[in-house]
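Content type compact mmCIF, C-alpha atoms and all ligand atoms, from the file work_15.txt:
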# COMPACT_ATOMS: atom_id res chain seq x y z
CA MET A 40 27.84 -6.61 -48.57
CA TYR A 41 28.39 -9.89 -50.36
CA ARG A 42 30.16 -12.83 -48.78
CA SER A 43 30.06 -16.28 -50.29
CA GLY A 44 29.77 -19.51 -48.38
CA GLY A 45 32.54 -21.75 -49.65
CA SER A 46 36.15 -20.91 -49.01
CA LEU A 47 39.33 -21.52 -50.96
CA PRO A 48 42.76 -22.34 -49.54
CA ARG A 49 44.54 -19.17 -48.47
CA PRO A 50 48.22 -18.78 -49.32
CA ALA A 51 50.80 -18.97 -46.54
CA GLN A 52 52.35 -15.72 -47.78
CA THR A 53 50.95 -12.82 -49.73
CA ARG A 54 50.86 -13.62 -53.45
CA ILE A 55 51.61 -10.57 -55.55
CA MET A 56 50.10 -10.92 -59.02
CA VAL A 57 51.00 -8.55 -61.84
CA VAL A 58 48.32 -8.45 -64.52
CA ALA A 59 50.18 -7.35 -67.63
CA ASN A 60 49.98 -7.29 -71.41
CA GLN A 61 51.07 -4.20 -73.28
CA LYS A 62 48.41 -4.86 -75.85
CA GLY A 63 45.41 -2.65 -75.08
CA GLY A 64 41.90 -3.89 -74.38
CA VAL A 65 42.71 -7.57 -73.83
CA GLY A 66 40.93 -7.81 -70.48
CA LYS A 67 43.64 -6.87 -67.95
CA THR A 68 41.41 -4.67 -65.84
CA THR A 69 38.38 -6.94 -66.15
CA THR A 70 40.53 -9.88 -65.09
CA THR A 71 42.12 -7.97 -62.21
CA VAL A 72 38.89 -6.84 -60.59
CA ASN A 73 36.94 -10.05 -61.15
CA LEU A 74 39.66 -12.42 -59.96
CA ALA A 75 40.24 -10.17 -56.95
CA ALA A 76 36.53 -10.09 -56.11
CA SER A 77 36.21 -13.86 -56.59
CA LEU A 78 39.02 -14.53 -54.14
CA ALA A 79 37.69 -12.00 -51.61
CA LEU A 80 34.21 -13.57 -51.81
CA HIS A 81 35.89 -16.85 -50.87
CA GLY A 82 37.37 -15.44 -47.71
CA ALA A 83 40.70 -13.98 -48.88
CA ARG A 84 41.91 -10.47 -48.10
CA VAL A 85 42.77 -8.89 -51.42
CA LEU A 86 44.24 -5.55 -52.47
CA VAL A 87 43.89 -4.24 -56.03
CA ILE A 88 46.51 -1.68 -57.01
CA ASP A 89 45.38 0.42 -59.95
CA LEU A 90 48.56 1.28 -61.84
CA ASP A 91 46.87 2.63 -64.95
CA PRO A 92 46.27 6.39 -65.33
CA GLN A 93 42.94 5.52 -66.99
CA GLY A 94 41.77 4.43 -63.51
CA ASN A 95 39.53 1.71 -64.95
CA ALA A 96 40.06 -0.72 -62.06
CA SER A 97 39.13 2.01 -59.57
CA THR A 98 35.98 2.76 -61.56
CA ALA A 99 35.04 -0.91 -61.82
CA LEU A 100 35.36 -1.30 -58.05
CA GLY A 101 33.23 1.79 -57.38
CA ILE A 102 36.19 3.63 -55.80
CA ASP A 103 36.32 7.41 -55.80
CA HIS A 104 39.32 8.52 -57.85
CA HIS A 105 38.79 12.14 -58.82
CA ALA A 106 41.92 14.28 -58.98
CA GLU A 107 42.10 15.20 -55.26
CA VAL A 108 41.82 11.65 -53.90
CA PRO A 109 45.07 10.29 -52.37
CA SER A 110 46.25 7.75 -54.91
CA ILE A 111 48.98 5.44 -56.06
CA TYR A 112 50.63 8.49 -57.69
CA ASP A 113 51.33 9.91 -54.20
CA VAL A 114 52.77 6.57 -53.16
CA LEU A 115 55.11 6.32 -56.15
CA ILE A 116 56.22 9.92 -56.45
CA ASP A 117 55.90 11.37 -52.93
CA SER A 118 56.61 8.21 -50.90
CA ARG A 119 53.22 8.40 -49.21
CA PRO A 120 52.44 5.18 -47.30
CA LEU A 121 50.19 2.78 -49.21
CA SER A 122 47.89 2.63 -46.15
CA ASP A 123 47.05 6.34 -46.69
CA VAL A 124 45.50 5.67 -50.08
CA VAL A 125 43.87 2.24 -49.74
CA GLN A 126 40.06 2.28 -49.67
CA PRO A 127 37.69 -0.60 -48.87
CA VAL A 128 35.46 -1.76 -51.74
CA ARG A 129 31.86 -1.11 -50.74
CA ASP A 130 30.20 -4.30 -51.93
CA VAL A 131 32.78 -6.96 -51.16
CA GLU A 132 34.14 -7.72 -47.71
CA GLY A 133 37.92 -8.22 -47.66
CA LEU A 134 38.50 -6.38 -50.94
CA PHE A 135 40.50 -3.14 -51.02
CA CYS A 136 41.74 -0.79 -53.73
CA ALA A 137 44.60 1.69 -54.09
CA PRO A 138 43.11 3.99 -56.75
CA ALA A 139 44.73 5.70 -59.70
CA THR A 140 43.94 9.29 -60.58
CA ILE A 141 44.76 11.16 -63.74
CA ASP A 142 48.00 12.42 -62.05
CA LEU A 143 49.46 9.02 -62.75
CA ALA A 144 49.71 9.94 -66.44
CA GLY A 145 52.68 12.16 -65.52
CA ALA A 146 54.33 9.55 -63.30
CA GLU A 147 55.89 7.66 -66.18
CA ILE A 148 58.07 10.73 -66.86
CA GLU A 149 58.42 11.97 -63.27
CA LEU A 150 59.69 8.58 -62.14
CA VAL A 151 62.71 8.88 -64.42
CA SER A 152 64.40 11.30 -62.04
CA VAL A 153 63.29 9.69 -58.77
CA VAL A 154 65.67 7.64 -56.58
CA ALA A 155 65.20 3.85 -56.93
CA ARG A 156 62.69 4.51 -59.67
CA GLU A 157 62.07 0.85 -60.50
CA SER A 158 61.37 -0.27 -56.95
CA ARG A 159 59.06 2.43 -55.57
CA LEU A 160 56.02 0.17 -55.62
CA GLN A 161 57.89 -2.81 -54.21
CA ARG A 162 59.01 -0.70 -51.23
CA ALA A 163 55.52 0.61 -50.65
CA ILE A 164 54.01 -2.89 -50.64
CA SER A 165 56.73 -4.23 -48.33
CA ALA A 166 56.00 -1.45 -45.84
CA TYR A 167 52.23 -2.12 -45.87
CA GLU A 168 51.36 -3.74 -42.58
CA GLN A 169 47.81 -4.98 -43.06
CA PRO A 170 47.66 -8.74 -43.65
CA LEU A 171 46.85 -9.64 -47.25
CA ASP A 172 46.44 -12.93 -49.10
CA TYR A 173 46.67 -11.44 -52.59
CA VAL A 174 47.74 -8.23 -54.25
CA PHE A 175 46.63 -7.73 -57.86
CA ILE A 176 48.37 -4.99 -59.82
CA ASP A 177 46.50 -3.75 -62.89
CA CYS A 178 49.10 -2.52 -65.40
CA PRO A 179 48.66 0.04 -68.16
CA PRO A 180 48.95 -1.11 -71.80
CA SER A 181 52.64 -0.25 -72.08
CA LEU A 182 55.99 -1.55 -70.89
CA GLY A 183 57.20 1.70 -69.31
CA LEU A 184 58.33 2.43 -65.76
CA LEU A 185 54.88 1.85 -64.25
CA THR A 186 54.82 -1.72 -65.54
CA VAL A 187 58.47 -2.19 -64.54
CA ASN A 188 57.53 -1.10 -61.00
CA ALA A 189 54.82 -3.75 -60.98
CA LEU A 190 57.21 -6.44 -62.26
CA VAL A 191 59.76 -5.57 -59.59
CA ALA A 192 57.09 -5.63 -56.87
CA GLY A 193 55.43 -8.88 -57.90
CA ALA A 194 56.26 -12.55 -58.03
CA GLU A 195 53.67 -13.85 -60.47
CA VAL A 196 52.81 -12.44 -63.86
CA VAL A 197 49.24 -13.03 -65.03
CA ILE A 198 48.79 -12.51 -68.77
CA PRO A 199 45.27 -12.18 -70.16
CA ILE A 200 45.14 -13.06 -73.84
CA GLN A 201 42.21 -12.09 -76.00
CA CYS A 202 41.22 -14.89 -78.35
CA GLU A 203 41.57 -12.89 -81.55
CA TYR A 204 43.91 -12.61 -84.48
CA TYR A 205 47.22 -10.92 -83.50
CA ALA A 206 46.67 -12.16 -79.94
CA LEU A 207 50.23 -13.39 -79.62
CA GLU A 208 51.85 -10.41 -81.28
CA GLY A 209 53.86 -8.41 -78.80
CA LEU A 210 53.84 -11.24 -76.29
CA GLY A 211 57.51 -11.93 -77.00
CA GLN A 212 58.37 -8.39 -75.95
CA LEU A 213 56.48 -8.80 -72.68
CA LEU A 214 58.20 -12.13 -71.97
CA ARG A 215 61.63 -10.60 -72.69
CA ASN A 216 60.87 -7.79 -70.26
CA VAL A 217 59.87 -10.34 -67.63
CA GLU A 218 63.22 -12.10 -68.23
CA LEU A 219 65.13 -8.83 -67.97
CA VAL A 220 63.48 -7.86 -64.70
CA ARG A 221 63.98 -11.39 -63.37
CA GLY A 222 67.67 -11.32 -64.31
CA HIS A 223 68.50 -7.90 -62.93
CA LEU A 224 65.95 -6.79 -60.38
CA ASN A 225 63.62 -9.52 -59.13
CA PRO A 226 64.70 -13.17 -59.23
CA ARG A 227 61.30 -14.37 -57.90
CA LEU A 228 59.42 -13.13 -60.94
CA HIS A 229 57.83 -15.68 -63.26
CA VAL A 230 54.83 -16.05 -65.52
CA SER A 231 52.50 -18.17 -63.42
CA THR A 232 49.16 -17.73 -65.15
CA ILE A 233 47.80 -17.23 -68.64
CA LEU A 234 44.09 -16.66 -69.04
CA LEU A 235 42.16 -16.73 -72.30
CA THR A 236 39.58 -13.94 -72.32
CA MET A 237 36.62 -12.94 -74.48
CA TYR A 238 36.50 -16.50 -75.71
CA ASP A 239 33.77 -17.28 -78.21
CA GLY A 240 33.72 -21.04 -78.62
CA ARG A 241 31.52 -20.79 -81.71
CA THR A 242 34.26 -19.24 -83.81
CA ARG A 243 37.04 -21.29 -85.27
CA LEU A 244 39.46 -18.41 -84.77
CA ALA A 245 38.97 -18.40 -81.00
CA SER A 246 39.65 -22.12 -80.71
CA GLN A 247 42.69 -21.82 -83.00
CA VAL A 248 44.13 -19.04 -80.85
CA ALA A 249 43.37 -21.06 -77.72
CA ASP A 250 45.13 -24.12 -79.18
CA GLU A 251 48.14 -22.06 -80.14
CA VAL A 252 48.43 -20.47 -76.71
CA ARG A 253 48.10 -23.85 -75.01
CA SER A 254 50.75 -25.41 -77.21
CA HIS A 255 53.14 -22.50 -76.55
CA PHE A 256 52.62 -22.27 -72.81
CA GLY A 257 51.06 -25.49 -71.55
CA ALA A 258 50.78 -25.65 -67.81
CA GLU A 259 50.57 -21.92 -67.14
CA VAL A 260 47.34 -21.63 -69.11
CA LEU A 261 44.28 -21.92 -66.90
CA ARG A 262 41.83 -24.58 -67.99
CA THR A 263 39.01 -22.10 -67.58
CA ASN A 264 38.46 -19.69 -70.47
CA ILE A 265 36.53 -16.46 -69.90
CA PRO A 266 33.65 -16.24 -72.38
CA ARG A 267 32.64 -13.07 -74.14
CA SER A 268 29.75 -11.86 -71.99
CA VAL A 269 27.62 -8.75 -72.05
CA ARG A 270 27.22 -8.92 -68.25
CA ILE A 271 31.00 -8.68 -67.81
CA SER A 272 31.18 -5.56 -69.94
CA GLU A 273 28.14 -3.91 -68.31
CA ALA A 274 29.27 -4.34 -64.69
CA PRO A 275 31.88 -1.49 -64.59
CA SER A 276 29.30 1.14 -65.49
CA TYR A 277 27.59 0.27 -62.19
CA GLY A 278 30.87 0.45 -60.28
CA GLN A 279 30.65 -3.29 -59.72
CA THR A 280 32.38 -6.49 -60.62
CA VAL A 281 30.35 -9.10 -62.45
CA LEU A 282 30.46 -11.18 -59.26
CA THR A 283 28.07 -8.79 -57.51
CA TYR A 284 26.36 -7.37 -60.61
CA ASP A 285 25.15 -10.75 -61.87
CA PRO A 286 26.44 -13.57 -59.66
CA GLY A 287 24.80 -16.37 -61.62
CA SER A 288 25.97 -15.27 -65.08
CA SER A 289 28.41 -17.30 -67.14
CA GLY A 290 30.99 -14.49 -66.85
CA SER A 291 30.75 -14.51 -63.08
CA LEU A 292 30.99 -18.30 -62.84
CA SER A 293 33.98 -18.43 -65.18
CA TYR A 294 35.95 -15.86 -63.16
CA LEU A 295 35.10 -17.77 -59.97
CA GLU A 296 36.38 -20.96 -61.57
CA ALA A 297 39.58 -19.24 -62.79
CA ALA A 298 40.12 -17.85 -59.28
CA ARG A 299 39.66 -21.32 -57.84
CA GLU A 300 42.34 -22.69 -60.18
CA ILE A 301 44.71 -19.91 -59.13
CA ALA A 302 44.07 -20.54 -55.43
CA LEU A 303 44.57 -24.29 -55.79
CA ARG A 304 47.78 -23.86 -57.80
CA GLY A 305 49.08 -21.50 -55.13
CA THR A 306 51.59 -23.53 -53.24
CA SER A 307 54.13 -24.15 -55.98
CA ALA A 308 53.75 -20.65 -57.42
CA GLN A 309 54.54 -19.03 -54.08
CA GLN A 310 57.91 -20.68 -53.96
CA GLY A 311 58.77 -19.47 -57.42
CA VAL A 312 58.69 -22.99 -58.79
CA PRO A 313 57.29 -23.11 -62.32
CA GLN A 314 53.86 -24.67 -62.43
CA GLN A 315 54.07 -28.38 -62.91
CA ASP A 316 51.36 -30.22 -64.70
CA GLN A 317 49.22 -30.45 -61.56
CA HIS A 318 46.03 -29.88 -63.43
CA ASN A 319 46.98 -31.65 -66.56
CA PRO A 320 45.38 -29.14 -68.88
CA VAL A 321 43.82 -30.84 -71.83
CA LYS A 322 45.10 -29.25 -75.01
CA GLY A 323 42.59 -27.13 -76.82
CA ALA A 324 39.74 -28.09 -74.53
CA GLN A 325 38.00 -25.73 -72.19
P1 LIG B 401 43.57 -1.38 -71.37
O1 LIG B 401 44.73 -1.93 -72.13
O2 LIG B 401 42.94 -0.17 -72.00
O3 LIG B 401 43.87 -1.17 -69.92
P2 LIG B 401 42.41 -3.87 -70.62
O4 LIG B 401 43.42 -4.83 -71.14
O5 LIG B 401 42.44 -3.55 -69.18
O6 LIG B 401 42.43 -2.52 -71.48
P3 LIG B 401 39.61 -4.27 -70.28
O7 LIG B 401 39.38 -2.82 -69.98
O8 LIG B 401 39.52 -5.21 -69.14
O9 LIG B 401 40.98 -4.46 -71.03
O10 LIG B 401 38.61 -4.79 -71.40
C1 LIG B 401 38.48 -4.08 -72.63
C2 LIG B 401 37.00 -3.97 -72.98
O11 LIG B 401 36.48 -5.27 -73.22
C3 LIG B 401 36.16 -3.36 -71.89
O12 LIG B 401 35.15 -2.59 -72.47
C4 LIG B 401 35.57 -4.57 -71.18
O13 LIG B 401 34.32 -4.28 -70.57
C5 LIG B 401 35.41 -5.55 -72.32
N1 LIG B 401 35.54 -6.93 -71.88
C6 LIG B 401 36.55 -7.48 -71.17
N2 LIG B 401 36.36 -8.79 -70.96
C7 LIG B 401 35.18 -9.08 -71.56
C8 LIG B 401 34.41 -10.28 -71.71
N3 LIG B 401 34.82 -11.45 -71.21
N4 LIG B 401 33.25 -10.20 -72.39
C9 LIG B 401 32.82 -9.03 -72.92
N5 LIG B 401 33.48 -7.89 -72.81
C10 LIG B 401 34.65 -7.90 -72.14
MG MG B 402 42.96 -1.74 -68.23

Would you kindly transcribe this structure into structure tokens?
Amino acid sequence: MYRSGGSLPRPAQTRIMVVANQKGGVGKTTTTVNLAASLALHGARVLVIDLDPQGNASTALGIDHHAEVPSIYDVLIDSRPLSDVVQPVRDVEGLFCAPATIDLAGAEIELVSVVARESRLQRAISAYEQPLDYVFIDCPPSLGLLTVNALVAGAEVVIPIQCEYYALEGLGQLLRNVELVRGHLNPRLHVSTILLTMYDGRTRLASQVADEVRSHFGAEVLRTNIPRSVRISEAPSYGQTVLTYDPGSSGSLSYLEAAREIALRGTSAQQGVPQQDQHNPVKGAQ
């Protein structure tokens, strides 16, 4: 069981972070599990909710999620308490996971005819009695009812952006959905964090994308970029995060640094106040 020495400030209330981008393969799951593990290793109690039928976050955390395992599907569709499905993560103290099984693939359609279909997850989290510092919700690559449930349940949207051509395409749609949910269903919701992933500083394209994202978003963009790293991509096949798989690797250190930024920015984000320029991100620089 890993436990790191240093600790980070813990939020006064649970911070519910929705990791979303309907573009596939941009690093949502990788970001979810590695930020969650980083915060747990620094003394926080963290729950990862796997809201993607692919179950990648469950796999990456080494959590059993074969078809018979009680899962987030049962919570959303059959109103099963979240506490029935949450499992501790073996390697990291203070880290927990509500797994997704393949059943969840049907939930997008089944939810349509369920009462309060947009707020099933929000209700389940509100009824969860264990103390938590952070909840990270790993969304599927779509803007359907599963993602809407996450946006209604959360307060902060975390958007991973892959530093490649077309990176910003589709982002407008996501931001409009955030606005819609904020306007009609969840006034606390805001984009608090943008994280540049799979960053390769040697290519001009990556730095151009990074510059463009920083000039669009400014203060929400974390100063830390996540580099492209083989260790990050290998870790899930061992049911581990990169934090335990290779703690000294550049991927591990960059996620720890990103988690530190998130923890330190916490106070204003909790109150729904847009991030001010506390960290004075330098444009275009890492
Ligand atoms: P999906 O939309 O399918 O849910 P996603 O947005 O969750 O995808 P990930 O599964 O986190 O994206 O990442 C996509 C692929 O890229 C995975 O194979 C992952 O291991 C790899 N990957 C993610 N981040 C990095 C990185 N920093 N360096 C190298 N590989 C990475
Ligand atoms: Mg994913």

(message) Which residues are near ligand MG 402 (chain B) - at most 12 Å, using all atoms listed in the file? Format: as a ChimeraX atom specification.
(response) /A:58-72,88-99,139,176-181,199,275

(request) May I ask which of the residues A:Gly133, A:Glu251, A:Thr232, A:Tyr205 is the closest one to A:Glu300, counting only C-alpha atoms? (result) A:Thr232

(request) Might you pull out every residue within 9 Å of A:Tyr204, with all atoms listed in the file counted and same-chain residues fewer than 4 positions away left off, and present them as an NGL selection string? (result) :A and (208 or 244-245 or 248)

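Using all atoms listed in the file, the smallest distance between any of A:Ser231, A:Thr236, A:Gln212, A:Thr242 and A:Met56 comes from A:Ser231.
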
(message) Counting only C-alpha atoms, which residues have an atom no more than 8 Å from (36.8, -14.0, -44.6) in the file's coordinates? Please list them as a list in words.
(response)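 The residues that fall inside the cut-off are Arg42, Ala79, Leu80, His81, Gly82, Ala83, Arg84, Glu132 and Gly133 of chain A.
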
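The shortest atom-to-atom distance to ligand LIG 401 (chain B), with all atoms listed in the file taken into account, belongs to A:Asn73 out of A:Asn73, A:Tyr284, A:Leu78, A:Leu303.
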
(message) If we count only C-alpha atoms and set the cut-off at 10 Å, which residues sit around A:Ile301, ignoring sequence neighbours fewer than 4 positions away in its own chain? Please answer as a list in words.
(response) Leu47, Leu74, Leu78, Ser231, Thr232, Leu261, Leu295, Glu296, Ala297, Gly305, Thr306 and Ala308 of chain A

Per-axis box centre and lengths in Å around ligand LIG 401 (chain B), 6 Å margin per side, axis-aligned, as AutoDock Vina command-line options:
--center_x 38.8 --center_y -5.8 --center_z -71.2 --size_x 23.9 --size_y 23.3 --size_z 16.1

(message) What does the structure give for the distance between atom CA of A:Ala51 and atom CA of A:Ala298, in Å to one decimal?
(response)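 Going from atom CA of A:Ala51 over to atom CA of A:Ala298, I get 16.7 Å.
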
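Distances from A:Ser165, A:Ser122, A:Ser254, A:Ser272 to ligand LIG 401 (chain B) were compared using only C-alpha atoms and all ligand atoms, and the smallest one belongs to A:Ser272.
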
(request) To one decimal in Å, tell me the separation between atom CA of A:Phe175 and atom CA of A:Ala75. (result)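 Here the two named atoms are 6.9 Å from each other.
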
(request) Might you pull out every residue within 7 Å of stretch 262-265 of chain A, with only C-alpha atoms counted and same-chain residues fewer than 5 positions away left off, and present them as a PyMOL selection string? (result) chain A and resi 234-238+290+293-294+296-297+320+325

(message) Report, in Å with one decimal, the straight-line distance from atom CA of A:Arg54 to atom CA of A:Asp172.
(response)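 That distance, rounded to one decimal, is 6.2 Å.
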
(request) Select all residues near (56.3, -8.5, -60.7) (cut-off 9 Å, inclusive, file coordinates), counting all atoms listed in the file, and output them as number ranges by chain. (result) A: 55-58, 161, 176, 186-196, 217, 220-221, 225, 227-229

(request) Between A:Val281, A:Ile141, A:Ile233, A:Ile164, single out the one closest to A:Val260, counting only C-alpha atoms. (result) A:Ile233

(request) Would you please work out which residue, of A:Pro48, A:Asp113, A:His105, A:Thr280, is nearest to A:Arg304 when using all atoms listed in the file? (result)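 Of A:Pro48, A:Asp113, A:His105, A:Thr280, the one nearest A:Arg304 is A:Pro48, counting all atoms listed in the file.
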